[in-house]
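S.K.: For reference, the structure I am asking about is given below.
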Amino acid sequence: MAEVNMEQLLNCALCPNLCRCECPVLQATGREAVAPAGKARIASLANEGKLYWDEVMLEAAINCLACRGCTIHCPFPELNLCDELLYSRLPAREQGVNLPSVEPYLNNLRKYSSPYGQKAGALVTENQPGEKAGGQKVLFFNGCTSLANHPGSIEAARSVLVRAGVSFQMIEEDCCGYPAQVWGDEDMVRQLAEENRRKFKDSGAELLVTSCPECWLTFSERYPNLGQELPLEIVDGPTYFLGLIKEGRLEPVEKSVTEAPGPKVVSYHDPCIWARTAEKTAEPREILGAIPGLEIKEPYASGARTRCCGGGSMFQLAFPGTASAVAGRRLQEVPADAVLVTACPFCREGLLQGDKPVWELIEVLDRFFK
Amino acid sequence: MAQDMRTILQESKVDRAAVDRYAAGAQKIVGEHRVSARQADLLSASRDYWPVNSIWMREGVFPALPQLVVWPESTAEVSELLALANREKIPVTPYGEGSGALGGVIPLKGGITIDLKRMNKIRALDEKNLLVTVESGLNGALYEEKLNRAGYTGGHFPQSLRCSTVGGWLSCRAAGQFSTRYGKIEDMAVCLEAVLPDGTVFSGRSVPRTATGPRADHLLLGSEGTLGIITSATLRIWPLPEKRHLATYTFERLEEGLEAIRLFMRAGTRPAVVRLYDGQETGNHFPELGDKRCALILLIEGNTRIVDAEAQVIEDCVRLKGAESAGAEYVEHWLEKRFDVSVASILFQKGAVLDTIEVTTNWHNAHSTYLAMQEALLGVEGTMLASGHYSHVYPEGAALYVTAVGFPGEDKIGYYKKLWQAAMPACHQKGAAFSHHHGVGLHRGLWMADEHGPGLDVLKKIKTALDPQGIMNPGKLGLEEVRTWRK
Ligand SMILES: Cc1cc2nc3c(=O)[nH]c(=O)nc-3n(C[C@H](O)[C@H](O)[C@H](O)COP(=O)(O)OP(=O)(O)OC[C@H]3O[C@@H](n4cnc5c(N)ncnc54)[C@H](O)[C@@H]3O)c2cc1C
Ligand code: SF4
Ligand code: SF4
């Protein structure tokens, strides 16, 4: 089991919540118990045996979007609060303490390898282009949330990859394990990691591309922590697609903004993991910037200072009320006259609450590039 | 089954049936989701940033627990919640963001904690009159951010900007780091809207000044939740400054620095930031300057021509007192680090006890108070360091901010009490006032009689008139004796 860094956790527990202005769950609910240091206090007291895990304490300590907004003002560079909370909570499940709201989704995971239940069919694709072929063999991983909620983005990815002449496949996917990790079922994460590792190996692909930040994080950070190095390189969607543009395999369609219906002004909402963990804030903007005539307006807090849409840590399933309140706050910060673009299926879900269309970056690529 | 949490300061609790009745009533007022008896919520609302709470946190004990936490979203809800508590005689503790430094939010008698963080809207931005009406639960940094987006500043930057609320500032008479130009929060507060324990809602007029008797709304300034709840305030704002001028000077002795400040304040300049550090703090904050001289950092801002003129006058004054110029980069460094209090977490983990005590002096006793308090703190066995700086200045004097750090071994609470028992009389003897901006809370209440003399009875009479049942934040501001916390 992953070890808690008690020194760092206590630094946080003893802190007056210097980052509370950037903690979306706290700002949306007003609850001290879910303030960054509030959670750290509960977790550290539980680690030290000064309180024990029960449903109430677990509910507070798990109320973290893992958005890392708190790192913006945190004076402790070595503190990774989300991970310390995650590791601190692991004994809870072992002791039989669970969060009732997530049990149905964990059961889905057990049964269908997706928290959303039975997966939609007709995903498996293989593309072996002729003369345009080149580069590594790609496995494109969509992730459960796109599969369950947004087949449009999968179609867009398929069509963009075909257009760029990429030799790629989409396989029958199992969940990456992110929800199980967040909800404390480490055995399930291990099982899924093993299964995915086997499937990826069998695919013969050399490069795994994913548009889902949660999947990317799980593959590139969690799996190695569990001793499951994947047998292929992993790259995030924005970097990969920008690469295709730079190689000339995707080209913007001239006058597609000015002379065709569709968005003229866009605003890019940075997903937290891409912005603060993967540090991919330039790539999506470069992609959008390559489209002639498209105006880009920044939301109020953008780049590394982005604010969560409420979708982190599977909140849309575990705490839908909070997820929606967080999304509502974020929507107040985006320009009213722009079409929202993002690069994460959870962000898309959250931002859709604004009753306006939300595009995923891959859909922008599909629409404006040939 | 709720877990058994040990509390140290709990004087009493409200009987279960009354709390349950209140909970049912509160749910009707604010809805089910904004009332909680979950233990995680109760223990999180039990504390603030009083150092004693950090000591107890490490021991796994709590000061005192509320029995219910409620989150209102409007003045009308606050009014109904208070009226209900008043009828049921249930104690009420208002809670902002718990950054208070003296135990003000500890619910000594249990009851209800009213957490104001969901009252967080800007109600009106009045650009013509340079006023903003803001709800009391809004976080400080978010308040400033909203103003900045519209081209204004609130001018209030306590070190706790990111972890305190507007209502907390007003309730404690807080001071921001830029106070010499913009004033303390009470100088910015044009009027308040507040709710009394019986549910009465009232507010002052948002006009520059009035002469229609004492200001009832201003009674709430500094009342720390003992009289009622501040629900919103109309505050002064300023257009974002055109220019910023940064300067650092060093002096051979602290007294010379103080004299230099007195001169430029007397000349009528109003730099936003004026901070004069003793040698020890100069060395800690700015190692390149060493600890032999005392650093004065200055930040002047506003209209370009006024800033330039102020910089010139200040330069003339400090030169008269032997200042050496040290460049703007130290102010830049301070600007970058000014909200960082990470050292406190680290020291507490190492078994240290630390506290900061801020008092108000006039010019004639500014230096002697520093010397007396430092000597008193160093005289307590276990103290490793007692240093100070002047953090806010006025034409008539300055706020002195003293920091003490000690490694007392086992009896941390005993040591903590000794620190204050040494420092407060030293401050009193020199004629300084006991607090400039942290307020009283629970702990400083022990010295309120010394501070106010017969004035304390006046405050007690006001308290009885406005809160006859004594439900509002009992045991705070030194208005009544607290059995569980004595000198
Ligand atoms: C790191 C750090 C730095 C600090 N720096 C400064 C500084 O530079 N300047 C300064 O002045 N202070 C400073 N403080 C002290 C503290 O931040 C202030 O006292 C602040 O005003 C408290 O605000 P809060 O919202 O956290 O209030 P809380 O701690 O939640 O409450 C403080 C008191 O006010 C009452 N209260 C809160 N809201 C209301 C309301 N709406 N109506 C009625 N009563 C209410 C509470 O019951 C309590 O008695 C600092 C504290 C910390 C932790
Ligand atoms: S995350 Fe950092 S800034 Fe936030 S409460 Fe913890 S230690 Fe303080
Ligand atoms: S990661 Fe996000 S939700 Fe979690 S404590 Fe930090 S700011 Fe709050």
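Here's how to read the names in the structure tokens: chain A, B, ... by the order shown, residue numbers from 1 in each chain, ligand numbers from 1 in the order shown.
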Please determine the contact residues of chain A with respect to chain B at a cut-off of 8 Å, counting only C-alpha atoms, and supply them as a VMD selection string.
M.R.: chain A and resid 7 10 to 12 14 to 21 27 to 33 38 41 to 42 45 50 to 52 56 to 57 60 75 to 76
S.K.: Taking the backbone alone, and naming residues the way the document does, which bits of segment 107-191 of chain A are strand (DSSP E or B) by DSSP, as a ChimeraX atom specification?
M.R.: /A:125-127,138-141,168-170
S.K.: Extract the full set of helix (DSSP H, G or I) residues from segment 153-268 of chain A according to DSSP on the backbone, and format it as a PyMOL selection string.
M.R.: chain A and resi 153-163+178-182+186-203+213-225+237-246
S.K.: Could the residues in this selection be saved with C-alpha atoms as a PDB file, in the first residue's frame?
M.R.:
ATOM      1  CA  SER A 153     -16.001  12.773 -29.687  1.00  0.00           C
ATOM      2  CA  ILE A 154     -15.054   9.178 -30.456  1.00  0.00           C
ATOM      3  CA  GLU A 155     -16.314   9.553 -33.994  1.00  0.00           C
ATOM      4  CA  ALA A 156     -14.369  12.800 -34.272  1.00  0.00           C
ATOM      5  CA  ALA A 157     -11.165  11.129 -33.085  1.00  0.00           C
ATOM      6  CA  ARG A 158     -11.654   8.261 -35.509  1.00  0.00           C
ATOM      7  CA  SER A 159     -12.232  10.574 -38.423  1.00  0.00           C
ATOM      8  CA  VAL A 160      -9.286  12.868 -37.585  1.00  0.00           C
ATOM      9  CA  LEU A 161      -6.901   9.945 -37.216  1.00  0.00           C
ATOM     10  CA  VAL A 162      -8.057   8.455 -40.510  1.00  0.00           C
ATOM     11  CA  ARG A 163      -7.664  11.816 -42.237  1.00  0.00           C
ATOM     12  CA  TYR A 178      -9.120   5.866 -12.069  1.00  0.00           C
ATOM     13  CA  PRO A 179     -12.536   5.645 -10.350  1.00  0.00           C
ATOM     14  CA  ALA A 180     -11.473   2.615  -8.341  1.00  0.00           C
ATOM     15  CA  GLN A 181      -8.362   4.474  -7.261  1.00  0.00           C
ATOM     16  CA  VAL A 182     -10.284   7.541  -6.157  1.00  0.00           C
ATOM     17  CA  GLU A 186      -6.789  -0.565  -4.904  1.00  0.00           C
ATOM     18  CA  ASP A 187      -7.256  -4.270  -5.667  1.00  0.00           C
ATOM     19  CA  MET A 188      -9.520  -3.343  -8.513  1.00  0.00           C
ATOM     20  CA  VAL A 189      -7.021  -0.814  -9.828  1.00  0.00           C
ATOM     21  CA  ARG A 190      -4.399  -3.546  -9.821  1.00  0.00           C
ATOM     22  CA  GLN A 191      -6.677  -5.954 -11.700  1.00  0.00           C
ATOM     23  CA  LEU A 192      -7.575  -3.354 -14.299  1.00  0.00           C
ATOM     24  CA  ALA A 193      -3.939  -2.365 -14.674  1.00  0.00           C
ATOM     25  CA  GLU A 194      -2.958  -5.961 -15.341  1.00  0.00           C
ATOM     26  CA  GLU A 195      -5.779  -6.452 -17.826  1.00  0.00           C
ATOM     27  CA  ASN A 196      -4.993  -3.206 -19.658  1.00  0.00           C
ATOM     28  CA  ARG A 197      -1.306  -3.995 -19.734  1.00  0.00           C
ATOM     29  CA  ARG A 198      -2.071  -7.349 -21.353  1.00  0.00           C
ATOM     30  CA  LYS A 199      -4.455  -5.832 -23.911  1.00  0.00           C
ATOM     31  CA  PHE A 200      -2.064  -3.040 -24.821  1.00  0.00           C
ATOM     32  CA  LYS A 201       0.739  -5.541 -25.291  1.00  0.00           C
ATOM     33  CA  ASP A 202      -1.430  -7.766 -27.465  1.00  0.00           C
ATOM     34  CA  SER A 203      -2.420  -4.812 -29.615  1.00  0.00           C
ATOM     35  CA  PRO A 213      -6.688  13.393 -18.651  1.00  0.00           C
ATOM     36  CA  GLU A 214      -7.772  10.958 -15.941  1.00  0.00           C
ATOM     37  CA  CYS A 215      -6.770   7.969 -18.082  1.00  0.00           C
ATOM     38  CA  TRP A 216      -3.487   9.670 -18.946  1.00  0.00           C
ATOM     39  CA  LEU A 217      -2.716  10.283 -15.276  1.00  0.00           C
ATOM     40  CA  THR A 218      -3.584   6.731 -14.342  1.00  0.00           C
ATOM     41  CA  PHE A 219      -1.496   5.170 -17.083  1.00  0.00           C
ATOM     42  CA  SER A 220       1.492   7.432 -16.671  1.00  0.00           C
ATOM     43  CA  GLU A 221       1.617   7.843 -12.884  1.00  0.00           C
ATOM     44  CA  ARG A 222      -0.516   5.295 -11.061  1.00  0.00           C
ATOM     45  CA  TYR A 223       0.393   2.210 -13.045  1.00  0.00           C
ATOM     46  CA  PRO A 224       4.144   2.680 -12.545  1.00  0.00           C
ATOM     47  CA  ASN A 225       3.474   3.240  -8.824  1.00  0.00           C
ATOM     48  CA  GLY A 237      -4.169  14.074 -26.883  1.00  0.00           C
ATOM     49  CA  PRO A 238      -3.308  17.794 -27.221  1.00  0.00           C
ATOM     50  CA  THR A 239       0.421  17.086 -27.682  1.00  0.00           C
ATOM     51  CA  TYR A 240      -0.213  14.288 -30.125  1.00  0.00           C
ATOM     52  CA  PHE A 241      -2.616  16.200 -32.348  1.00  0.00           C
ATOM     53  CA  LEU A 242      -0.436  19.285 -32.361  1.00  0.00           C
ATOM     54  CA  GLY A 243       2.358  16.991 -33.542  1.00  0.00           C
ATOM     55  CA  LEU A 244       0.203  15.849 -36.465  1.00  0.00           C
ATOM     56  CA  ILE A 245      -0.394  19.483 -37.419  1.00  0.00           C
ATOM     57  CA  LYS A 246       3.298  20.295 -37.194  1.00  0.00           C
TER      58      LYS A 246
END
S.K.: What does the distance between atom CA of Thr133 of chain B and atom CA of Ala189 of chain B come to in Å, to one decimal place?
M.R.: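 Spanning atom CA of Thr133 of chain B to atom CA of Ala189 of chain B is a straight-line distance of 9.9 Å.
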S.K.: Select, from B:Leu459, B:Val19, B:Leu335, B:Met188, the residue with the minimum atom-to-atom distance to Val35 of chain B, counting only C-alpha atoms.
M.R.: B:Val19
S.K.: Rank nothing, just name the residue among B:Cys294, B:Leu130, B:Leu456, B:Ala422 nearest to Lys487 of chain B, using only C-alpha atoms.
M.R.: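 Closest candidate: B:Ala422.
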S.K.: I want to know what sits within 8 Å of Val124 of chain A, based on only C-alpha atoms, with residues of the same chain fewer than 6 positions away left out; could you give that as a list of chain:residue names?
M.R.: A:Gln169, A:Met170, A:Ile171, A:Glu172
S.K.: Which of these, B:Tyr416, B:Tyr249, B:Trp169, B:Tyr394, has the shortest distance to ligand 1 once you count only C-alpha atoms and all ligand atoms?
M.R.: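 Going through B:Tyr416, B:Tyr249, B:Trp169, B:Tyr394 one by one, the smallest distance to ligand 1 is for B:Trp169.
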S.K.: To check your reading of the model: which residues sit at most 6 Å from ligand 3 when counting only C-alpha atoms and all ligand atoms? Write the answer as a compact mmCIF listing (two decimals) with N, CA, C and O atoms, in the first residue's frame.
M.R.:
# COMPACT_ATOMS: atom_id res chain seq x y z
N GLU A 22 -8.85 28.98 -3.59
CA GLU A 22 -8.77 28.23 -4.85
C GLU A 22 -9.35 26.83 -4.73
O GLU A 22 -9.22 26.04 -5.66
N CYS A 23 -9.93 26.49 -3.60
CA CYS A 23 -10.46 25.13 -3.46
C CYS A 23 -11.94 25.12 -3.87
O CYS A 23 -12.80 25.64 -3.15
N PRO A 24 -12.24 24.54 -5.03
CA PRO A 24 -13.61 24.64 -5.55
C PRO A 24 -14.65 23.97 -4.66
O PRO A 24 -15.76 24.48 -4.52
N VAL A 25 -14.32 22.84 -4.04
CA VAL A 25 -15.35 22.19 -3.21
C VAL A 25 -15.67 23.03 -1.99
O VAL A 25 -16.82 23.16 -1.59
N PRO A 36 -9.08 22.36 2.25
CA PRO A 36 -7.88 21.53 2.10
C PRO A 36 -7.28 21.10 3.45
O PRO A 36 -7.11 19.90 3.70
N CYS A 64 -12.52 15.70 -2.48
CA CYS A 64 -11.41 16.40 -3.13
C CYS A 64 -11.48 16.10 -4.62
O CYS A 64 -11.50 14.94 -5.02
N LEU A 65 -11.52 17.14 -5.42
CA LEU A 65 -11.61 16.98 -6.87
C LEU A 65 -10.28 16.59 -7.50
O LEU A 65 -10.21 16.37 -8.70
N ALA A 66 -9.24 16.55 -6.69
CA ALA A 66 -7.88 16.31 -7.19
C ALA A 66 -7.53 17.31 -8.30
O ALA A 66 -6.81 17.00 -9.24
N CYS A 67 -8.06 18.51 -8.16
CA CYS A 67 -7.84 19.53 -9.20
C CYS A 67 -6.51 20.25 -9.00
O CYS A 67 -6.03 20.94 -9.89
N ARG A 68 -5.95 20.12 -7.82
CA ARG A 68 -4.69 20.75 -7.45
C ARG A 68 -4.74 22.27 -7.53
O ARG A 68 -3.72 22.93 -7.69
N GLY A 69 -5.95 22.81 -7.40
CA GLY A 69 -6.08 24.26 -7.31
C GLY A 69 -5.32 24.77 -6.09
O GLY A 69 -4.76 25.87 -6.09
N CYS A 70 -5.30 23.93 -5.06
CA CYS A 70 -4.62 24.34 -3.82
C CYS A 70 -3.13 24.58 -4.04
O CYS A 70 -2.51 25.32 -3.28
N CYS A 82 -3.63 15.81 -2.71
CA CYS A 82 -4.58 14.85 -3.27
C CYS A 82 -4.08 13.42 -3.01
O CYS A 82 -4.86 12.55 -2.60
S.K.: Do you know which residues are at most 6 Å from Leu400 of chain B counting only C-alpha atoms, after dropping those on the same chain fewer than 2 positions away, and could you put them as number ranges by chain?
M.R.: B: 358-359, 389-390
S.K.: How many Å separate atom CA of Pro408 of chain B from atom 8 (O, counted along the ligand's line) of ligand 1?
M.R.: 26.7 Å
S.K.: Applying 6 Å and only C-alpha atoms, which residues near segment 371-383 of chain B remain after dropping the ones on its own chain fewer than 5 positions away? List them as a ChimeraX atom specification.
M.R.: /B:405-408,419,422-423,426
S.K.: Mind writing the picked residues with N, CA, C and O atoms as an mmCIF file, in the first residue's frame?
M.R.:
data_model
loop_
_atom_site.group_PDB
_atom_site.id
_atom_site.type_symbol
_atom_site.label_atom_id
_atom_site.label_comp_id
_atom_site.auth_asym_id
_atom_site.auth_seq_id
_atom_site.Cartn_x
_atom_site.Cartn_y
_atom_site.Cartn_z
ATOM 1 N N VAL B 405 9.004 32.612 19.759
ATOM 2 C CA VAL B 405 9.100 31.181 19.472
ATOM 3 C C VAL B 405 9.830 30.522 20.634
ATOM 4 O O VAL B 405 10.864 31.021 21.084
ATOM 5 N N GLY B 406 9.288 29.414 21.099
ATOM 6 C CA GLY B 406 9.959 28.703 22.189
ATOM 7 C C GLY B 406 9.819 27.208 22.039
ATOM 8 O O GLY B 406 8.941 26.713 21.327
ATOM 9 N N PHE B 407 10.707 26.497 22.703
ATOM 10 C CA PHE B 407 10.642 25.034 22.746
ATOM 11 C C PHE B 407 10.486 24.624 24.210
ATOM 12 O O PHE B 407 11.466 24.363 24.892
ATOM 13 N N PRO B 408 9.257 24.577 24.667
ATOM 14 C CA PRO B 408 9.060 24.400 26.103
ATOM 15 C C PRO B 408 9.051 22.946 26.575
ATOM 16 O O PRO B 408 8.916 22.698 27.772
ATOM 17 N N LEU B 419 3.871 33.087 28.266
ATOM 18 C CA LEU B 419 4.284 34.097 27.270
ATOM 19 C C LEU B 419 3.383 35.324 27.372
ATOM 20 O O LEU B 419 3.848 36.462 27.430
ATOM 21 N N ALA B 422 3.548 37.355 30.503
ATOM 22 C CA ALA B 422 4.712 38.242 30.549
ATOM 23 C C ALA B 422 4.505 39.438 29.618
ATOM 24 O O ALA B 422 4.781 40.585 29.982
ATOM 25 N N ALA B 423 3.990 39.179 28.426
ATOM 26 C CA ALA B 423 3.929 40.227 27.403
ATOM 27 C C ALA B 423 2.860 41.280 27.682
ATOM 28 O O ALA B 423 3.077 42.482 27.466
ATOM 29 N N ALA B 426 3.745 43.910 30.262
ATOM 30 C CA ALA B 426 4.827 44.762 29.746
ATOM 31 C C ALA B 426 4.251 45.815 28.810
ATOM 32 O O ALA B 426 4.617 47.000 28.851
#
S.K.: May I have the residues within 9 Å of Phe346 of chain A as a ChimeraX atom specification, using only C-alpha atoms and disregarding those fewer than 6 positions away in the same chain?
M.R.: /A:145-146,212,271,309-312,314,316
